[in-house]
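Quick look at query_10.cif (mmCIF, C-alpha atoms and all ligand atoms):
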data_input
loop_
_atom_site.label_atom_id
_atom_site.label_comp_id
_atom_site.auth_asym_id
_atom_site.auth_seq_id
_atom_site.Cartn_x
_atom_site.Cartn_y
_atom_site.Cartn_z
CA MET Y 247 14.08 3.72 -21.60
CA ARG Y 248 14.78 2.08 -18.23
CA GLY Y 249 15.92 4.21 -15.31
CA LYS Y 250 17.56 2.87 -12.21
CA GLN Y 251 16.51 -0.40 -10.60
CA LEU Y 252 14.04 0.18 -7.78
CA TYR Y 253 13.31 -3.32 -6.56
CA GLU Y 254 13.91 -6.95 -7.40
CA GLY Y 255 11.14 -9.33 -6.46
CA LYS Y 256 10.76 -13.07 -6.91
CA ALA Y 257 9.37 -12.96 -10.45
CA LYS Y 258 9.84 -9.35 -11.57
CA VAL Y 259 12.30 -6.47 -11.44
CA LEU Y 260 11.04 -2.89 -11.22
CA PHE Y 261 12.88 0.02 -12.83
CA GLU Y 262 12.19 3.74 -12.95
CA GLY Y 263 10.15 4.53 -16.06
CA PRO Y 264 10.79 7.23 -18.66
CA GLU Y 265 8.41 9.75 -17.05
CA ALA Y 266 7.71 10.66 -13.45
CA GLY Y 267 5.09 8.38 -11.95
CA THR Y 268 5.88 5.48 -14.27
CA ILE Y 269 7.65 2.18 -13.63
CA ILE Y 270 8.92 -0.56 -15.89
CA GLN Y 271 8.08 -4.11 -14.81
CA TYR Y 272 10.57 -6.65 -16.16
CA PHE Y 273 9.25 -10.25 -16.09
CA LYS Y 274 11.85 -12.88 -15.15
CA ASP Y 275 11.81 -16.64 -15.73
CA ASP Y 276 12.58 -17.22 -12.04
CA ALA Y 277 9.99 -19.20 -10.13
CA THR Y 278 9.62 -19.64 -6.39
CA ALA Y 279 7.15 -21.54 -4.25
CA PHE Y 280 6.45 -22.27 -0.59
CA ASN Y 281 7.53 -18.78 0.48
CA ALA Y 282 10.70 -18.99 -1.69
CA GLN Y 283 11.94 -22.24 -0.11
CA LYS Y 284 11.72 -23.82 -3.56
CA LYS Y 285 13.46 -21.99 -6.41
CA GLY Y 286 13.77 -22.70 -10.12
CA THR Y 287 13.50 -21.39 -13.65
CA ILE Y 288 10.61 -21.79 -16.05
CA ASN Y 289 11.98 -21.00 -19.52
CA GLY Y 290 9.98 -18.34 -21.32
CA LYS Y 291 7.68 -17.75 -18.33
CA GLY Y 292 8.49 -14.02 -18.17
CA VAL Y 293 7.51 -13.49 -21.79
CA ILE Y 294 4.28 -15.44 -21.38
CA ASN Y 295 3.24 -13.78 -18.12
CA ASN Y 296 3.96 -10.39 -19.69
CA VAL Y 297 1.62 -10.96 -22.65
CA ILE Y 298 -1.09 -12.75 -20.63
CA SER Y 299 -1.13 -10.04 -17.99
CA GLU Y 300 -1.23 -7.37 -20.73
CA LEU Y 301 -4.29 -8.99 -22.33
CA ILE Y 302 -6.13 -9.27 -19.01
CA MET Y 303 -5.28 -5.74 -17.83
CA LEU Y 304 -6.43 -4.28 -21.17
CA ARG Y 305 -9.74 -6.18 -21.04
CA LEU Y 306 -10.33 -5.13 -17.43
CA THR Y 307 -9.65 -1.50 -18.37
CA GLU Y 308 -12.30 -1.80 -21.12
CA LEU Y 309 -14.73 -3.00 -18.42
CA GLY Y 310 -14.02 0.12 -16.37
CA ILE Y 311 -11.80 -1.50 -13.76
CA PRO Y 312 -8.86 0.82 -13.10
CA THR Y 313 -5.41 -0.77 -13.31
CA HIS Y 314 -1.79 0.37 -13.13
CA PHE Y 315 -1.14 -0.91 -16.68
CA ILE Y 316 -0.11 1.59 -19.37
CA ARG Y 317 1.37 -0.50 -22.21
CA ARG Y 318 3.65 -3.40 -23.00
CA ILE Y 319 7.08 -2.20 -24.15
CA ASN Y 320 8.60 -5.45 -25.44
CA MET Y 321 8.66 -9.18 -24.79
CA ARG Y 322 9.65 -8.90 -21.14
CA GLU Y 323 8.76 -5.37 -20.07
CA GLN Y 324 5.64 -3.35 -19.49
CA LEU Y 325 5.14 0.26 -18.51
CA VAL Y 326 2.89 0.76 -15.50
CA ARG Y 327 1.88 3.61 -13.22
CA SER Y 328 3.76 3.92 -10.00
CA VAL Y 329 1.44 3.07 -7.12
CA GLU Y 330 1.77 2.50 -3.40
CA ILE Y 331 1.04 -1.20 -3.01
CA VAL Y 332 -1.64 -2.00 -0.41
CA PRO Y 333 0.06 -4.67 1.75
CA LEU Y 334 -2.69 -7.24 1.19
CA GLU Y 335 -2.84 -10.32 -1.01
CA VAL Y 336 -6.44 -10.73 -2.09
CA VAL Y 337 -7.17 -14.38 -2.87
CA VAL Y 338 -10.33 -15.45 -4.68
CA ARG Y 339 -11.45 -19.08 -4.56
CA ASN Y 340 -14.06 -20.75 -6.75
CA VAL Y 341 -12.91 -24.33 -6.15
CA ALA Y 342 -11.03 -25.68 -3.10
CA ALA Y 343 -7.27 -26.10 -3.66
CA GLY Y 344 -4.00 -25.22 -1.99
CA SER Y 345 -3.89 -23.73 1.48
CA ILE Y 346 -7.67 -23.74 2.14
CA CYS Y 347 -7.72 -27.54 1.84
CA LYS Y 348 -5.19 -27.90 4.65
CA ARG Y 349 -6.74 -25.15 6.75
CA LEU Y 350 -10.34 -26.39 6.58
CA GLY Y 351 -9.89 -30.07 5.72
CA LEU Y 352 -11.43 -29.77 2.25
CA GLU Y 353 -10.74 -32.07 -0.69
CA GLU Y 354 -8.94 -30.53 -3.62
CA GLY Y 355 -11.55 -29.92 -6.31
CA ASP Y 356 -14.53 -29.37 -3.95
CA MET Y 357 -16.75 -26.71 -5.55
CA LEU Y 358 -17.42 -23.74 -3.29
CA ASP Y 359 -21.08 -22.69 -3.26
CA GLU Y 360 -20.05 -19.06 -3.40
CA SER Y 361 -16.80 -17.47 -4.49
CA LEU Y 362 -14.69 -16.67 -1.46
CA VAL Y 363 -12.54 -13.56 -1.07
CA GLU Y 364 -9.74 -13.96 1.47
CA PHE Y 365 -7.15 -11.45 2.66
CA CYS Y 366 -3.55 -12.17 3.57
CA TYR Y 367 -1.11 -9.69 5.06
CA LYS Y 368 1.70 -9.27 2.54
CA ASP Y 369 4.78 -10.07 4.60
CA ASP Y 370 7.20 -12.78 3.45
CA GLU Y 371 8.82 -13.12 6.88
CA LEU Y 372 5.44 -13.96 8.40
CA GLY Y 373 4.53 -16.21 5.44
CA ASP Y 374 1.67 -13.93 4.25
CA PRO Y 375 -0.74 -14.86 7.09
CA LEU Y 376 -4.49 -15.02 6.53
CA ILE Y 377 -6.22 -12.03 8.14
CA ALA Y 378 -9.74 -10.61 8.47
CA GLN Y 379 -10.71 -7.26 6.97
CA GLU Y 380 -10.83 -5.96 10.55
CA HIS Y 381 -7.08 -6.52 10.87
CA ALA Y 382 -6.47 -4.39 7.79
CA LEU Y 383 -8.58 -1.61 9.35
CA ALA Y 384 -7.13 -1.98 12.85
CA PHE Y 385 -3.52 -1.85 11.65
CA GLY Y 386 -4.15 0.85 9.03
CA TRP Y 387 -3.21 -1.30 6.03
CA ALA Y 388 -6.32 -0.04 4.21
CA ASP Y 389 -9.35 2.05 5.16
CA GLU Y 390 -13.00 1.07 4.85
CA GLU Y 391 -13.57 2.81 1.52
CA GLU Y 392 -10.46 1.19 0.06
CA LEU Y 393 -11.56 -2.27 1.24
CA ASP Y 394 -15.01 -1.70 -0.28
CA ASP Y 395 -13.40 -0.80 -3.61
CA ILE Y 396 -11.04 -3.78 -3.42
CA VAL Y 397 -13.86 -6.27 -2.71
CA HIS Y 398 -16.08 -4.73 -5.41
CA TYR Y 399 -13.35 -4.83 -8.08
CA THR Y 400 -12.27 -8.31 -6.98
CA HIS Y 401 -15.75 -9.81 -7.58
CA ARG Y 402 -15.97 -8.11 -10.98
CA ILE Y 403 -12.51 -9.37 -11.93
CA ASN Y 404 -13.48 -12.90 -10.85
CA ASP Y 405 -16.67 -12.80 -12.95
CA PHE Y 406 -14.72 -11.63 -15.98
CA LEU Y 407 -11.81 -14.04 -15.56
CA ARG Y 408 -14.02 -17.09 -14.99
CA GLY Y 409 -15.77 -16.41 -18.28
CA LEU Y 410 -12.56 -15.64 -20.14
CA PHE Y 411 -10.89 -18.86 -19.02
CA PHE Y 412 -14.00 -21.04 -19.35
CA GLY Y 413 -14.22 -19.87 -22.96
CA ILE Y 414 -10.81 -21.44 -23.60
CA GLY Y 415 -11.53 -24.66 -21.71
CA LEU Y 416 -9.94 -23.73 -18.38
CA ARG Y 417 -11.52 -23.67 -14.94
CA LEU Y 418 -10.40 -20.72 -12.81
CA VAL Y 419 -9.89 -22.46 -9.46
CA ASP Y 420 -8.37 -19.56 -7.52
CA PHE Y 421 -6.12 -16.54 -7.99
CA LYS Y 422 -4.36 -13.74 -6.16
CA LEU Y 423 -4.68 -10.00 -6.73
CA GLU Y 424 -2.76 -6.99 -5.46
CA PHE Y 425 -4.02 -3.43 -5.44
CA GLY Y 426 -2.26 -0.09 -5.21
CA ARG Y 427 -3.00 3.55 -4.42
CA LEU Y 428 -2.66 5.85 -7.42
CA GLU Y 429 -2.27 9.59 -6.82
CA THR Y 430 -4.39 11.60 -9.29
CA GLU Y 431 -5.47 15.24 -9.49
CA GLU Y 432 -8.82 14.20 -8.01
CA GLY Y 433 -7.18 12.39 -5.11
CA THR Y 434 -6.01 8.88 -4.31
CA MET Y 435 -7.72 5.95 -6.02
CA ILE Y 436 -7.46 2.17 -5.73
CA VAL Y 437 -6.23 0.41 -8.88
CA LEU Y 438 -5.40 -3.19 -9.71
CA ALA Y 439 -1.60 -3.68 -9.72
CA ASP Y 440 1.02 -6.45 -10.03
CA GLU Y 441 0.14 -9.14 -12.63
CA ILE Y 442 -2.48 -11.78 -13.46
CA SER Y 443 -0.87 -14.87 -14.97
CA PRO Y 444 -0.50 -18.64 -14.47
CA ASP Y 445 1.92 -17.72 -11.65
CA SER Y 446 -0.92 -16.20 -9.64
CA CYS Y 447 -3.89 -18.35 -10.78
CA ARG Y 448 -4.82 -22.01 -10.56
CA LEU Y 449 -6.20 -23.11 -13.93
CA TRP Y 450 -7.46 -26.64 -14.61
CA ASP Y 451 -8.36 -27.99 -18.01
CA VAL Y 452 -12.15 -28.39 -18.13
CA GLU Y 453 -11.97 -31.73 -19.96
CA THR Y 454 -9.01 -33.45 -18.32
CA ASN Y 455 -8.63 -31.52 -15.02
CA GLU Y 456 -4.95 -31.18 -15.88
CA LYS Y 457 -3.22 -28.38 -13.97
CA MET Y 458 -2.08 -25.55 -16.28
CA ASP Y 459 -0.38 -23.25 -13.78
CA LYS Y 460 2.40 -22.89 -11.21
CA ASP Y 461 1.22 -26.00 -9.34
CA ARG Y 462 3.14 -27.96 -12.02
CA PHE Y 463 6.29 -26.34 -10.61
CA ARG Y 464 5.24 -26.54 -6.95
CA ARG Y 465 4.51 -30.26 -7.26
CA ASP Y 466 7.17 -31.25 -9.81
CA LEU Y 467 4.55 -32.39 -12.32
CA GLY Y 468 6.73 -31.69 -15.38
CA GLY Y 469 5.55 -30.03 -18.59
CA ILE Y 470 5.66 -26.62 -16.92
CA GLU Y 471 6.85 -24.61 -19.93
CA GLU Y 472 4.31 -26.39 -22.15
CA ALA Y 473 1.44 -25.62 -19.76
CA TYR Y 474 2.25 -21.88 -19.63
CA GLN Y 475 2.59 -21.82 -23.43
CA GLU Y 476 -0.71 -23.63 -23.85
CA VAL Y 477 -2.56 -21.06 -21.73
CA ALA Y 478 -1.04 -18.24 -23.84
CA ARG Y 479 -1.84 -20.11 -27.06
CA ARG Y 480 -5.49 -20.62 -26.10
CA LEU Y 481 -5.73 -16.93 -25.17
CA GLY Y 482 -4.30 -16.08 -28.60
CA VAL Y 483 -1.23 -14.27 -27.22
CA LEU Y 484 1.59 -16.80 -27.67
CA PRO Y 485 4.27 -14.74 -29.45
CA LYS Y 486 4.69 -16.06 -33.00
CA SER Y 487 8.34 -15.04 -32.99
CA GLY Y 488 9.01 -17.52 -30.19
CA LEU Y 489 10.03 -16.76 -26.63
CA GLN Y 490 13.19 -14.84 -27.44
CA GLU Y 491 15.01 -12.66 -24.92
CA ASP Y 492 14.58 -9.53 -27.00
CA THR Y 493 13.95 -6.37 -24.98
CA THR Y 494 14.05 -3.86 -27.82
CA GLU Y 495 10.93 -1.79 -28.29
CA ASP Y 496 8.12 -3.54 -30.27
N1 LIG Z 501 -0.93 -17.04 -4.73
C1 LIG Z 501 0.02 -16.21 -5.28
N2 LIG Z 501 1.00 -15.70 -4.48
C2 LIG Z 501 1.10 -16.00 -3.16
C3 LIG Z 501 0.13 -16.85 -2.60
C4 LIG Z 501 -0.87 -17.36 -3.41
O1 LIG Z 501 -0.04 -15.89 -6.47
O2 LIG Z 501 2.01 -15.50 -2.49
C5 LIG Z 501 -2.00 -17.59 -5.57
C6 LIG Z 501 -1.80 -19.07 -5.87
O3 LIG Z 501 -1.10 -19.23 -7.09
C7 LIG Z 501 -3.20 -19.59 -5.96
C8 LIG Z 501 -4.01 -18.68 -5.04
O4 LIG Z 501 -3.22 -17.50 -4.87
O5 LIG Z 501 -3.69 -19.41 -7.29
C9 LIG Z 501 -4.32 -19.31 -3.69
O6 LIG Z 501 -3.12 -19.76 -3.11
P1 LIG Z 501 -3.13 -20.55 -1.72
O7 LIG Z 501 -3.56 -19.64 -0.63
O8 LIG Z 501 -3.88 -21.81 -1.88
O9 LIG Z 501 -1.62 -20.80 -1.41
P2 LIG Z 501 -0.60 -21.84 -1.99
O10 LIG Z 501 -1.28 -23.15 -2.07
O11 LIG Z 501 -0.20 -21.25 -3.30
O12 LIG Z 501 0.50 -21.79 -0.96
#
Write the structure described by the file as structure tokens, please.
Amino acid sequence: MRGKQLYEGKAKVLFEGPEAGTIIQYFKDDATAFNAQKKGTINGKGVINNVISELIMLRLTELGIPTHFIRRINMREQLVRSVEIVPLEVVVRNVAAGSICKRLGLEEGDMLDESLVEFCYKDDELGDPLIAQEHALAFGWADEEELDDIVHYTHRINDFLRGLFFGIGLRLVDFKLEFGRLETEEGTMIVLADEISPDSCRLWDVETNEKMDKDRFRRDLGGIEEAYQEVARRLGVLPKSGLQEDTTED
């Protein structure tokens, strides 16, 4: 089913899909942090991120939020629409953690009165610097209509995800989204792309405040595999067959 390899990223490999305009996303177990200065492997992570992201993309589609997702192919691969990625990382924060604490002198865990949407310019060499929407407009990374769509979808996604995770005893502290431009017969539209998983979210247990996301890897907290599996289990998507390497069609 896979065509030629198009791109290898830090956590995924992209291949040509079976039809024009489609791409296969292969989820690896590789983990990186601090702009790839720290590297490692989280066993079974690719399988778990694949099924978690599938669940979330399907639910968002049901809510009318357009995404690049078509279907999951097997344990490590999903078929998605080929899009032109908007070079912005859209970060949503509900609770202070990570880079905002350093930047603004906040304590980790401080509740934010309102959810914050931040934009970073997606450029590894520059370390994904924080930018204002005006930079995106001034440098042509996105136009005004696209930014309006991105902000609108981002708030809806945050509302949905907070509820989804709270329902399984997890606080959605922050997360990162990427959007793409999809060419359709009616023109170009903005769709949600990439993945939503414990790699791109901070999730804290509501009862214990335990971190259930990539911060366990970033900070060497141990129990990384178990935390990812627990998130999948609570969401009801932990594969019963185990986290095998199988990439045959389901
Ligand atoms: N994030 C991500 N990819 C990035 C940067 C951030 O998925 O390249 C996610 C990160 O996992 C967290 C949120 O975005 O859930 C906010 O990250 P932050 O800006 O605090 O940066 P970090 O502390 O991860 O360096």
Pick out the residues no farther than 9 Å from ligand LIG 501 (chain Z), counting all atoms listed in the file, and list them as an MDAnalysis selection string. chainID Y and resid 279:281 335:339 342:347 364 366 368 370 373:374 376 418:423 442:449 459:461 464
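Here atom CA of Arg417 of chain Y stands at a distance of 17.6 Å from atom CA of Glu472 of chain Y.
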Listed atoms of segment 354-358 of chain Y, axis-aligned box, 4 Å per side: centre and edge lengths to one decimal in Å, as lines of an AutoDock Vina configuration file?
center_x = -13.2
center_y = -27.1
center_z = -4.8
size_x = 16.5
size_y = 14.8
size_z = 11.0
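Proximity of Y:Leu393, Y:Ile331, Y:Phe406, Y:Ala478 to Glu308 of chain Y, computed with all atoms listed in the file, is greatest for Y:Phe406.
Counting from atom CA of Arg322 of chain Y, the distance to atom CA of Asn296 of chain Y is 6.1 Å.
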Considering all atoms listed in the file, return as an MDAnalysis selection string whatever protein or nucleic-acid residues lie within 10 Å of Val332 of chain Y, sequence-local ones (same chain, fewer than 3 positions apart) excluded. chainID Y and resid 329 335 367:368 382 387:388 392 424:427 436:437 439
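Contact shell of Arg480 of chain Y at 10 Å (only C-alpha atoms; same-chain neighbours under 5 positions omitted): Phe411, Gly413, Ile414, Gly415, Leu416 and Gln475 of chain Y.
If you measure from each of Y:Glu300, Y:Glu353, Y:Asp276, Y:Glu330 to Leu428 of chain Y using only C-alpha atoms, the closest one turns out to be Y:Glu330.
With only C-alpha atoms as the atoms that count, the minimum distance from Leu410 of chain Y to the choices Y:Ile302, Y:Leu489, Y:Ile294, Y:Leu350 is reached by Y:Ile302.
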Can you tell me, as JSON, numbers by chain, which residues sit within 10 Å of (-9.2, -1.6, -12.0) in the file's frame, using only C-alpha atoms? {"Y": [303, 304, 306, 307, 308, 309, 310, 311, 312, 313, 314, 315, 395, 396, 399, 400, 402, 403, 425, 426, 435, 436, 437, 438, 439]}
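What separates atom CA of Ile319 of chain Y from atom CA of Leu260 of chain Y is a distance of 13.5 Å.
Taking all atoms listed in the file into account, Phe365 of chain Y lies nearest to Y:Gln379 out of the set Y:Asn295, Y:Gln379, Y:Gln251, Y:Asn289.
Nearest-residue note for Ile316 of chain Y: choosing from Y:Ile269, Y:Met357, Y:Val297, Y:Leu467, the minimum distance belongs to Y:Ile269, counting only C-alpha atoms.
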So that I can see what lies close to Thr287 of chain Y, please list as a PyMOL selection string the residues with an atom at most 12 Å from it, counting all atoms listed in the file and leaving out residues fewer than 2 positions away in the same chain. chain Y and resi 256-257+274-279+284-285+289-292+460+463-464+470-471
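If only C-alpha atoms are the atoms counted, then among Y:Arg317, Y:Asp394, Y:Pro333, Y:Asn340 the closest residue to Ile377 of chain Y is Y:Pro333.
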Please identify all polymer residues lying at most 10 Å from the point (10.3, 5.0, -16.4) (file coordinates), using all atoms listed in the file, and present the result as a PyMOL selection string. chain Y and resi 247-250+260-271+325-328
